[in-house]
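Here's the structure we're looking at; comments come further down.
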Amino acid sequence: MAADSAAIVTTALRRTYPARRGTPEVVALSGVDLRIERGEVRGLLGPNGAGKTTLCKILCTVLHPTSGSARVLGRDVVSEARAVQNALGIVFGGDRGLYGRLTARQNLEFWGALYGLHGAELRRRTGSLLERVGLSSRDRESVDGFSRGMKQRLHLARGLISDPQVLLLDEPTTGMDPVAALDFRALIGELRAEGRTILITTHDMSEAEAVCDQVTLIDQGAVLATERPAVLAERISRYEQVTAENVPDAVLRRIELLDGVLAVHRRPGDRVLVDIDGNATVRQVLAVLVDAGVTSLGTVRPTLEEVYLNMIGSRGMAVPR
């Protein structure tokens, strides 16, 4: 498959910041190879400082890479920056990009004008997007009076005003209530059905599992893995959990000493949760519990959140260099 058939391709992408006053050089991205197909919804997961925002800034031409390359719809982000900008819709959230004294409608009309829209087409697209994100009844109110969740929905509309084929969404549901977040997930499904490509940075594991075709885990500027959410969980299936109730303290001490037991967590209601590395250890833990007469027990399949914590949060796996 030709490289430019994908929506986003990065090759050996590296971004560093120079040393200052004796401090070492900061490596924000370290040889990132990424490929996102057209029409795909890709999640980008990682802790603060992992390189997510740096990657997005390079893709939207705000930053230049130190080395390597990045292409959006076949266009180089450095030499063809204007074409890349026209193809992208960007939602960074917060208060950036919104003007509080203007109404919701005026904000969208302003951004639409920057993309060359005017007249009836600008009014039609603005009205359609306000309806799509559930703000049509508040379109004449100043944005200063909006809640954080309402501002985030307006950000989504702003990102769509140019009818982009590729969307970069940074923490898009921050501040949304559960109903609005559910509506957002439905909107992502609609945008995928329209053939758009979406890159979402998020810390919300349930959101990533619900809307993403694939998830890329990134930490310390390097990609750890890219897989479907369920496959990522399977890849670290050795990180299993055993749950049990009413376990005597002496039995817990025996379990803590077993090889492969990472941690024992006490939970309300006399519940315990045992983090385990390895299928053989699972069998040993279950045998100890059964021999002690514990009858309320079971194993838990890892979720994407456990994947995240094991691969990033606990630094449980080495980052490839």
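In the structure tokens, chains take the letters A, B, ... in the order shown, each chain's residues start at 1, and ligands count up from 1 in the order shown.
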Extract the full set of strand (DSSP E) residues from region 25-91 of chain A according to DSSP on the backbone, and format it as a JSON list (two decimals) with N, CA and C atoms, in the first residue's frame.
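See part_21.json below for the written result:
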```
[["chain", "number", "residue", "atom", "x", "y", "z"],
["A", 26, "VAL", "N", 16.13, 18.09, 25.91],
["A", 26, "VAL", "CA", 14.84, 17.44, 26.16],
["A", 26, "VAL", "C", 14.38, 16.75, 24.88],
["A", 27, "VAL", "N", 14.12, 15.44, 24.97],
["A", 27, "VAL", "CA", 13.63, 14.68, 23.83],
["A", 27, "VAL", "C", 12.13, 14.49, 24.00],
["A", 28, "ALA", "N", 11.35, 15.23, 23.20],
["A", 28, "ALA", "CA", 9.88, 15.13, 23.30],
["A", 28, "ALA", "C", 9.35, 13.97, 22.48],
["A", 29, "LEU", "N", 9.93, 13.72, 21.30],
["A", 29, "LEU", "CA", 9.58, 12.59, 20.46],
["A", 29, "LEU", "C", 10.85, 11.89, 20.04],
["A", 30, "SER", "N", 10.84, 10.57, 20.12],
["A", 30, "SER", "CA", 12.05, 9.80, 19.84],
["A", 30, "SER", "C", 11.77, 8.73, 18.79],
["A", 31, "GLY", "N", 11.86, 9.13, 17.51],
["A", 31, "GLY", "CA", 11.73, 8.16, 16.43],
["A", 31, "GLY", "C", 10.34, 7.55, 16.30],
["A", 32, "VAL", "N", 9.30, 8.38, 16.31],
["A", 32, "VAL", "CA", 7.93, 7.87, 16.29],
["A", 32, "VAL", "C", 7.52, 7.47, 14.86],
["A", 33, "ASP", "N", 7.14, 6.21, 14.70],
["A", 33, "ASP", "CA", 6.56, 5.70, 13.46],
["A", 33, "ASP", "C", 5.08, 5.46, 13.70],
["A", 34, "LEU", "N", 4.25, 6.12, 12.90],
["A", 34, "LEU", "CA", 2.81, 6.03, 13.10],
["A", 34, "LEU", "C", 2.13, 6.01, 11.75],
["A", 35, "ARG", "N", 1.11, 5.19, 11.63],
["A", 35, "ARG", "CA", 0.32, 5.14, 10.40],
["A", 35, "ARG", "C", -1.15, 5.04, 10.76],
["A", 36, "ILE", "N", -1.95, 5.99, 10.30],
["A", 36, "ILE", "CA", -3.38, 6.02, 10.56],
["A", 36, "ILE", "C", -4.10, 6.02, 9.22],
["A", 37, "GLU", "N", -4.92, 5.01, 8.99],
["A", 37, "GLU", "CA", -5.59, 4.88, 7.70],
["A", 37, "GLU", "C", -6.75, 5.87, 7.59],
["A", 41, "VAL", "N", -10.55, 5.86, 13.41],
["A", 41, "VAL", "CA", -10.54, 6.61, 14.66],
["A", 41, "VAL", "C", -9.43, 6.03, 15.52],
["A", 42, "ARG", "N", -8.40, 6.83, 15.76],
["A", 42, "ARG", "CA", -7.23, 6.36, 16.51],
["A", 42, "ARG", "C", -7.14, 7.10, 17.84],
["A", 43, "GLY", "N", -6.96, 6.35, 18.91],
["A", 43, "GLY", "CA", -6.74, 6.93, 20.22],
["A", 43, "GLY", "C", -5.26, 7.04, 20.49],
["A", 44, "LEU", "N", -4.86, 8.14, 21.13],
["A", 44, "LEU", "CA", -3.47, 8.35, 21.52],
["A", 44, "LEU", "C", -3.45, 8.53, 23.03],
["A", 45, "LEU", "N", -2.91, 7.54, 23.72],
["A", 45, "LEU", "CA", -2.95, 7.50, 25.18],
["A", 45, "LEU", "C", -1.55, 7.63, 25.76],
["A", 67, "SER", "N", 13.89, 15.98, 13.20],
["A", 67, "SER", "CA", 14.26, 15.07, 12.11],
["A", 67, "SER", "C", 13.09, 14.13, 11.85],
["A", 68, "GLY", "N", 13.20, 13.35, 10.79],
["A", 68, "GLY", "CA", 12.10, 12.49, 10.40],
["A", 68, "GLY", "C", 11.06, 13.27, 9.62],
["A", 69, "SER", "N", 9.93, 12.63, 9.35],
["A", 69, "SER", "CA", 8.91, 13.27, 8.51],
["A", 69, "SER", "C", 7.52, 12.95, 9.01],
["A", 70, "ALA", "N", 6.57, 13.82, 8.63],
["A", 70, "ALA", "CA", 5.15, 13.60, 8.93],
["A", 70, "ALA", "C", 4.34, 14.08, 7.74],
["A", 71, "ARG", "N", 3.35, 13.27, 7.35],
["A", 71, "ARG", "CA", 2.51, 13.62, 6.21],
["A", 71, "ARG", "C", 1.04, 13.45, 6.59],
["A", 72, "VAL", "N", 0.23, 14.38, 6.13],
["A", 72, "VAL", "CA", -1.21, 14.34, 6.33],
["A", 72, "VAL", "C", -1.88, 14.33, 4.97],
["A", 75, "ARG", "N", 0.50, 14.98, 2.21],
["A", 75, "ARG", "CA", 1.18, 16.27, 2.17],
["A", 75, "ARG", "C", 2.15, 16.39, 3.34],
["A", 76, "ASP", "N", 3.37, 16.85, 3.03],
["A", 76, "ASP", "CA", 4.39, 17.01, 4.06],
["A", 76, "ASP", "C", 4.05, 18.21, 4.94],
["A", 88, "LEU", "N", -7.11, 19.95, 7.87],
["A", 88, "LEU", "CA", -7.25, 19.58, 9.27],
["A", 88, "LEU", "C", -8.31, 20.38, 9.99],
["A", 89, "GLY", "N", -8.98, 19.71, 10.93],
["A", 89, "GLY", "CA", -9.79, 20.38, 11.94],
["A", 89, "GLY", "C", -9.15, 20.09, 13.28],
["A", 90, "ILE", "N", -8.95, 21.12, 14.10],
["A", 90, "ILE", "CA", -8.18, 20.98, 15.33],
["A", 90, "ILE", "C", -9.01, 21.42, 16.52],
["A", 91, "VAL", "N", -9.07, 20.58, 17.55],
["A", 91, "VAL", "CA", -9.79, 20.90, 18.78],
["A", 91, "VAL", "C", -8.84, 20.66, 19.95]]
```
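The environment of region 99-106 of chain A within 7 Å, counting only C-alpha atoms and disregarding residues fewer than 2 places along the same chain, consists of Gly97, Leu108, Glu109, Phe110, Thr126, Asp139, Arg140, Glu141, Ser142, Val143 and Asp144 of chain A.
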Taking N, CA, C and O atoms for each residue, export the selection above as a PDB file, in the first residue's frame.
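Result file is again.pdb:
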```pdb
ATOM      1  N   GLY A  97      -8.909  29.515  21.482  1.00  0.00           N
ATOM      2  CA  GLY A  97      -9.656  29.496  20.236  1.00  0.00           C
ATOM      3  C   GLY A  97     -11.093  29.940  20.346  1.00  0.00           C
ATOM      4  O   GLY A  97     -11.802  29.945  19.338  1.00  0.00           O
ATOM      5  N   LEU A 108     -18.333  30.824  15.625  1.00  0.00           N
ATOM      6  CA  LEU A 108     -18.255  29.940  14.460  1.00  0.00           C
ATOM      7  C   LEU A 108     -18.177  30.733  13.164  1.00  0.00           C
ATOM      8  O   LEU A 108     -17.439  30.359  12.238  1.00  0.00           O
ATOM      9  N   GLU A 109     -18.914  31.824  13.068  1.00  0.00           N
ATOM     10  CA  GLU A 109     -18.862  32.643  11.853  1.00  0.00           C
ATOM     11  C   GLU A 109     -17.485  33.259  11.665  1.00  0.00           C
ATOM     12  O   GLU A 109     -16.981  33.362  10.538  1.00  0.00           O
ATOM     13  N   PHE A 110     -16.860  33.648  12.774  1.00  0.00           N
ATOM     14  CA  PHE A 110     -15.505  34.197  12.695  1.00  0.00           C
ATOM     15  C   PHE A 110     -14.537  33.155  12.146  1.00  0.00           C
ATOM     16  O   PHE A 110     -13.768  33.430  11.207  1.00  0.00           O
ATOM     17  N   THR A 126     -22.834  27.099   9.890  1.00  0.00           N
ATOM     18  CA  THR A 126     -22.840  27.467  11.302  1.00  0.00           C
ATOM     19  C   THR A 126     -24.080  26.930  12.002  1.00  0.00           C
ATOM     20  O   THR A 126     -24.006  26.313  13.081  1.00  0.00           O
ATOM     21  N   ASP A 139     -27.362  29.815  20.875  1.00  0.00           N
ATOM     22  CA  ASP A 139     -26.423  30.377  19.899  1.00  0.00           C
ATOM     23  C   ASP A 139     -26.260  31.881  19.995  1.00  0.00           C
ATOM     24  O   ASP A 139     -25.287  32.443  19.509  1.00  0.00           O
ATOM     25  N   ARG A 140     -27.209  32.590  20.641  1.00  0.00           N
ATOM     26  CA  ARG A 140     -27.123  34.052  20.736  1.00  0.00           C
ATOM     27  C   ARG A 140     -26.539  34.507  22.071  1.00  0.00           C
ATOM     28  O   ARG A 140     -26.484  35.698  22.343  1.00  0.00           O
ATOM     29  N   GLU A 141     -26.085  33.563  22.899  1.00  0.00           N
ATOM     30  CA  GLU A 141     -25.512  33.906  24.191  1.00  0.00           C
ATOM     31  C   GLU A 141     -23.990  34.023  24.091  1.00  0.00           C
ATOM     32  O   GLU A 141     -23.348  33.309  23.319  1.00  0.00           O
ATOM     33  N   SER A 142     -23.410  34.915  24.906  1.00  0.00           N
ATOM     34  CA  SER A 142     -21.951  35.061  24.894  1.00  0.00           C
ATOM     35  C   SER A 142     -21.311  33.822  25.512  1.00  0.00           C
ATOM     36  O   SER A 142     -21.839  33.226  26.458  1.00  0.00           O
ATOM     37  N   VAL A 143     -20.158  33.463  24.996  1.00  0.00           N
ATOM     38  CA  VAL A 143     -19.473  32.247  25.422  1.00  0.00           C
ATOM     39  C   VAL A 143     -18.970  32.362  26.858  1.00  0.00           C
ATOM     40  O   VAL A 143     -18.801  31.353  27.546  1.00  0.00           O
ATOM     41  N   ASP A 144     -18.748  33.575  27.349  1.00  0.00           N
ATOM     42  CA  ASP A 144     -18.308  33.757  28.732  1.00  0.00           C
ATOM     43  C   ASP A 144     -19.257  33.102  29.726  1.00  0.00           C
ATOM     44  O   ASP A 144     -18.833  32.666  30.803  1.00  0.00           O
TER      45      ASP A 144
END
```
*Restricting the calculation to only C-alpha atoms, which member of A:Pro172, A:Gly221, A:Pro229, A:Gly189 is positioned closest to Ala208 (chain A)?*
A:Pro229
_What's the separation between CA of Cys60 (chain A) and CA of Leu168 (chain A), in Å to one decimal place?_
8.4 Å
_Sel. of helix (DSSP H, G or I) residues, region 51-198 of chain A, as an MDAnalysis selection string_ = chainID A and resid 52:59 81:87 104:114 119:132 136:138 143:145 148:160 178:193
*asked:* Would you compute the distance between CA of Glu227 (chain A) and CA of Thr201 (chain A)? Give it in Å to one decimal.
replied: 15.2 Å
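We find CA of Leu122 (chain A) and CA of Asp163 (chain A) to be spaced 11.5 Å apart.
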*Hey, what's within 8 Å of Val251 (chain A) if we count only C-alpha atoms and toss same-chain stuff fewer than 4 positions away? As number ranges by chain, please?*
A: 247, 255, 288-289, 292
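If you count only C-alpha atoms and ignore residues fewer than 4 places along the chain from Gln85 (chain A), what sits within 12 Å of it is A:Lys57, A:Ile58, A:Leu59, A:Cys60, A:Thr61, A:Val62, A:Arg71, A:Val72, A:Leu73, A:Arg75, A:Asp76, A:Val77, A:Val78, A:Ser79, A:Glu80, A:Ala81, A:Gly89, A:Ile90, A:Leu114, A:Tyr115, A:Gly159, A:Ser162, A:Pro164, A:Gln165, A:Val166, A:Leu167, A:Leu168.
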Keeping only N, CA and C atoms, write the selected residues as a short mmCIF file (atom, residue, chain, number, x, y, z; two decimals), in the first residue's frame.
```
data_model
loop_
_atom_site.label_atom_id
_atom_site.label_comp_id
_atom_site.auth_asym_id
_atom_site.auth_seq_id
_atom_site.Cartn_x
_atom_site.Cartn_y
_atom_site.Cartn_z
N LYS A 57 0.99 18.96 17.57
CA LYS A 57 1.45 20.27 17.09
C LYS A 57 2.27 20.14 15.80
N ILE A 58 3.01 19.06 15.68
CA ILE A 58 3.75 18.83 14.44
C ILE A 58 2.79 18.52 13.30
N LEU A 59 1.78 17.68 13.58
CA LEU A 59 0.82 17.33 12.54
C LEU A 59 0.04 18.53 12.04
N CYS A 60 -0.23 19.50 12.94
CA CYS A 60 -0.98 20.68 12.50
C CYS A 60 -0.07 21.84 12.14
N THR A 61 1.22 21.58 11.96
CA THR A 61 2.24 22.50 11.42
C THR A 61 2.64 23.61 12.39
N VAL A 62 2.25 23.53 13.64
CA VAL A 62 2.66 24.55 14.62
C VAL A 62 4.13 24.38 14.98
N ARG A 71 3.35 13.27 7.35
CA ARG A 71 2.51 13.62 6.21
C ARG A 71 1.04 13.45 6.59
N VAL A 72 0.23 14.38 6.13
CA VAL A 72 -1.21 14.34 6.33
C VAL A 72 -1.88 14.33 4.97
N LEU A 73 -2.64 13.27 4.67
CA LEU A 73 -3.26 13.08 3.36
C LEU A 73 -2.22 13.22 2.24
N ARG A 75 0.50 14.98 2.21
CA ARG A 75 1.18 16.27 2.17
C ARG A 75 2.15 16.39 3.34
N ASP A 76 3.37 16.85 3.03
CA ASP A 76 4.39 17.01 4.06
C ASP A 76 4.05 18.21 4.94
N VAL A 77 4.16 18.02 6.27
CA VAL A 77 3.74 19.07 7.20
C VAL A 77 4.67 20.29 7.17
N VAL A 78 5.87 20.14 6.61
CA VAL A 78 6.80 21.27 6.55
C VAL A 78 6.74 21.95 5.19
N SER A 79 6.94 21.20 4.13
CA SER A 79 7.01 21.81 2.79
C SER A 79 5.64 22.11 2.19
N GLU A 80 4.58 21.47 2.71
CA GLU A 80 3.23 21.71 2.20
C GLU A 80 2.29 22.07 3.34
N ALA A 81 2.77 22.96 4.19
CA ALA A 81 2.05 23.29 5.42
C ALA A 81 0.66 23.85 5.16
N GLY A 89 -8.98 19.71 10.93
CA GLY A 89 -9.79 20.38 11.94
C GLY A 89 -9.15 20.09 13.28
N ILE A 90 -8.95 21.12 14.10
CA ILE A 90 -8.18 20.98 15.33
C ILE A 90 -9.01 21.42 16.52
N LEU A 114 -12.39 32.80 8.41
CA LEU A 114 -10.96 32.57 8.25
C LEU A 114 -10.67 31.46 7.24
N TYR A 115 -11.62 30.54 7.10
CA TYR A 115 -11.46 29.46 6.12
C TYR A 115 -12.08 29.82 4.77
N GLY A 159 -14.00 22.93 15.23
CA GLY A 159 -13.09 22.04 14.51
C GLY A 159 -13.68 21.50 13.22
N SER A 162 -14.61 23.92 8.84
CA SER A 162 -14.00 23.89 7.50
C SER A 162 -14.30 22.60 6.75
N PRO A 164 -13.37 19.43 7.52
CA PRO A 164 -12.08 18.77 7.32
C PRO A 164 -12.21 17.26 7.13
N GLN A 165 -11.24 16.68 6.47
CA GLN A 165 -11.18 15.24 6.32
C GLN A 165 -10.44 14.57 7.47
N VAL A 166 -9.61 15.35 8.19
CA VAL A 166 -8.85 14.82 9.31
C VAL A 166 -9.09 15.71 10.52
N LEU A 167 -9.42 15.11 11.66
CA LEU A 167 -9.68 15.84 12.89
C LEU A 167 -8.67 15.43 13.97
N LEU A 168 -8.09 16.43 14.64
CA LEU A 168 -7.25 16.19 15.80
C LEU A 168 -8.01 16.69 17.03
#
```
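With only C-alpha atoms as the atoms that count, the residue of A:Thr197, A:Asn86, A:Thr299, A:Gln152 with the shortest distance to Val133 (chain A) is A:Gln152.
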*Rank A:Val300, A:Gly49, A:Gly175, A:Gly74 by their smallest atom-to-atom distance to Thr10 (chain A), using only C-alpha atoms, and report the top residue only.*
A:Gly74
